[in-house]
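I have placed the structure first, in the form of structure tokens, so that the comments after it can refer back to it.
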Amino acid sequence: IGGLATCSTALAPTLANALVKGSAPPPKASRGEKRTCKTIDECEEVGRQRAAAAFDAQNDQPFFTTKDGVRWRDVREGSGGEVGRGDGVLLKYRVMRLGKRATDNLSGEASPVFSLGYGEDDDTEKDVLQAVVGAKQLIPALDSALVGMRKGGSRRLFVVPEKGWKKINASCSAATNGASNAGDASAGGLDVLGQAVVPLAEIVDNDACIEDVLLPQPRNFGAKRRLARRFDEGLLVEVEVVDLRKGG
């Protein structure tokens with residue numbers, strides 16, 4: 001796998017689950033595929049039932065941190081090859097905003113911002129993101145957290161703005177809002193329990209501050225608007241390694 005592309009094709013230790021809220025259009029069924037829901041309301045109800053079941057199965061488990069300071073927890077441990085820098089990957093993902101019931105920035109409620117590969121955001125379940133790990137194609141948090149995953153595995157990571165979709169430049173430096181680049185939430189730091197505190201988003205110049213090149217990126221107008229409102233917050237990303245090619 002080489003280069004950047006979004007294409008179509010046929011993610012270590014413990015479980016983590018989030019209750020995902022929000023509206024999504026009915027999934028698009030390709031020729032020969034049978035839809036499980038016909039209207040937005042039906043699809044929302046199916047999603048709520050699935051998310052509630054996942055949330056009920058949640059248990060408090062320790063999280064892990066990459067050497068770059070990215071907090072993560074596995075949802076499902078894969079059984080295939082292990083991802084390393086320089087490897088090509090095909091990914092599905094969800095980018096979500098943390099909700100009120102989020103307990104450690106990796107569990108609890110979350111509402112969707114944008115996604116790919118789940119038929120939830122003007123996409124299909126066959127859509128994947130193609131990229132090379134460590135090639136500066138992905139946002140820093142994802143680039144770091146993918147290392148060590150296995151094919152077929154799913155991982156949840158907490159993305160602080162400066163390791164996600166907030167640019168670091170003269171207008172939007174980490175120092176501008178007191179943020180640290182060592183894994184703390186923007187202007188939030190850690191609370192007494194060592195958990196990242198997510199502050200309210202600040203009003204900034206989106207054009208100057210939002211990262212619009214590094215992947216993943218929203219693919220439609222509505223998703224772009226949601227990210228433009230939330231890029232300066234800590235976000236939850238769930239990523240699945242669909243396929244892997246060693247050495248790119």
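In the structure tokens, chains take letters A, B, ... by order of appearance, with residues numbered from 1 within each chain and ligands from 1 in the order shown.
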Which segment 61-106 of chain A residues have any atom within 8 Å of an atom of segment 111-134 of chain A, and for each, what is the nearest pair of atoms with distance in Å to one decimal, counting only C-alpha atoms, rows sorted by chain and number, as a tab-separated table?
```
residue	atom	partner	partner_atom	distance
A:Gly84	CA	A:Val133	CA	7.0
A:Arg85	CA	A:Gly134	CA	4.9
A:Gly86	CA	A:Val133	CA	5.3
A:Asp87	CA	A:Val132	CA	5.5
A:Gly88	CA	A:Val132	CA	4.3
A:Val89	CA	A:Ala131	CA	5.6
A:Leu90	CA	A:Gln130	CA	4.7
A:Leu91	CA	A:Leu129	CA	4.9
A:Lys92	CA	A:Gly117	CA	5.0
A:Tyr93	CA	A:Leu116	CA	5.5
A:Arg94	CA	A:Ser115	CA	4.2
A:Val95	CA	A:Phe114	CA	5.4
A:Met96	CA	A:Pro112	CA	4.4
A:Arg97	CA	A:Ser111	CA	5.2
A:Leu98	CA	A:Ser111	CA	6.6
A:Gly99	CA	A:Ser111	CA	6.8
```
Using only C-alpha atoms, pick whichever of A:Asn105, A:Asp207, A:Lys38, A:Cys43 has the shortest atom-to-atom distance to Arg71 of chain A.
A:Asn105
Please indicate the distance in Å from atom CA of Ser79 of chain A to atom CA of Gly247 of chain A, rounded to one decimal place.
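Taking atom CA of Ser79 of chain A and atom CA of Gly247 of chain A, their separation equals 18.7 Å.
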Using only C-alpha atoms, the best pick from A:Lys67, A:Arg76, A:Arg225, A:Arg219 as closest to Arg155 of chain A would be A:Arg76
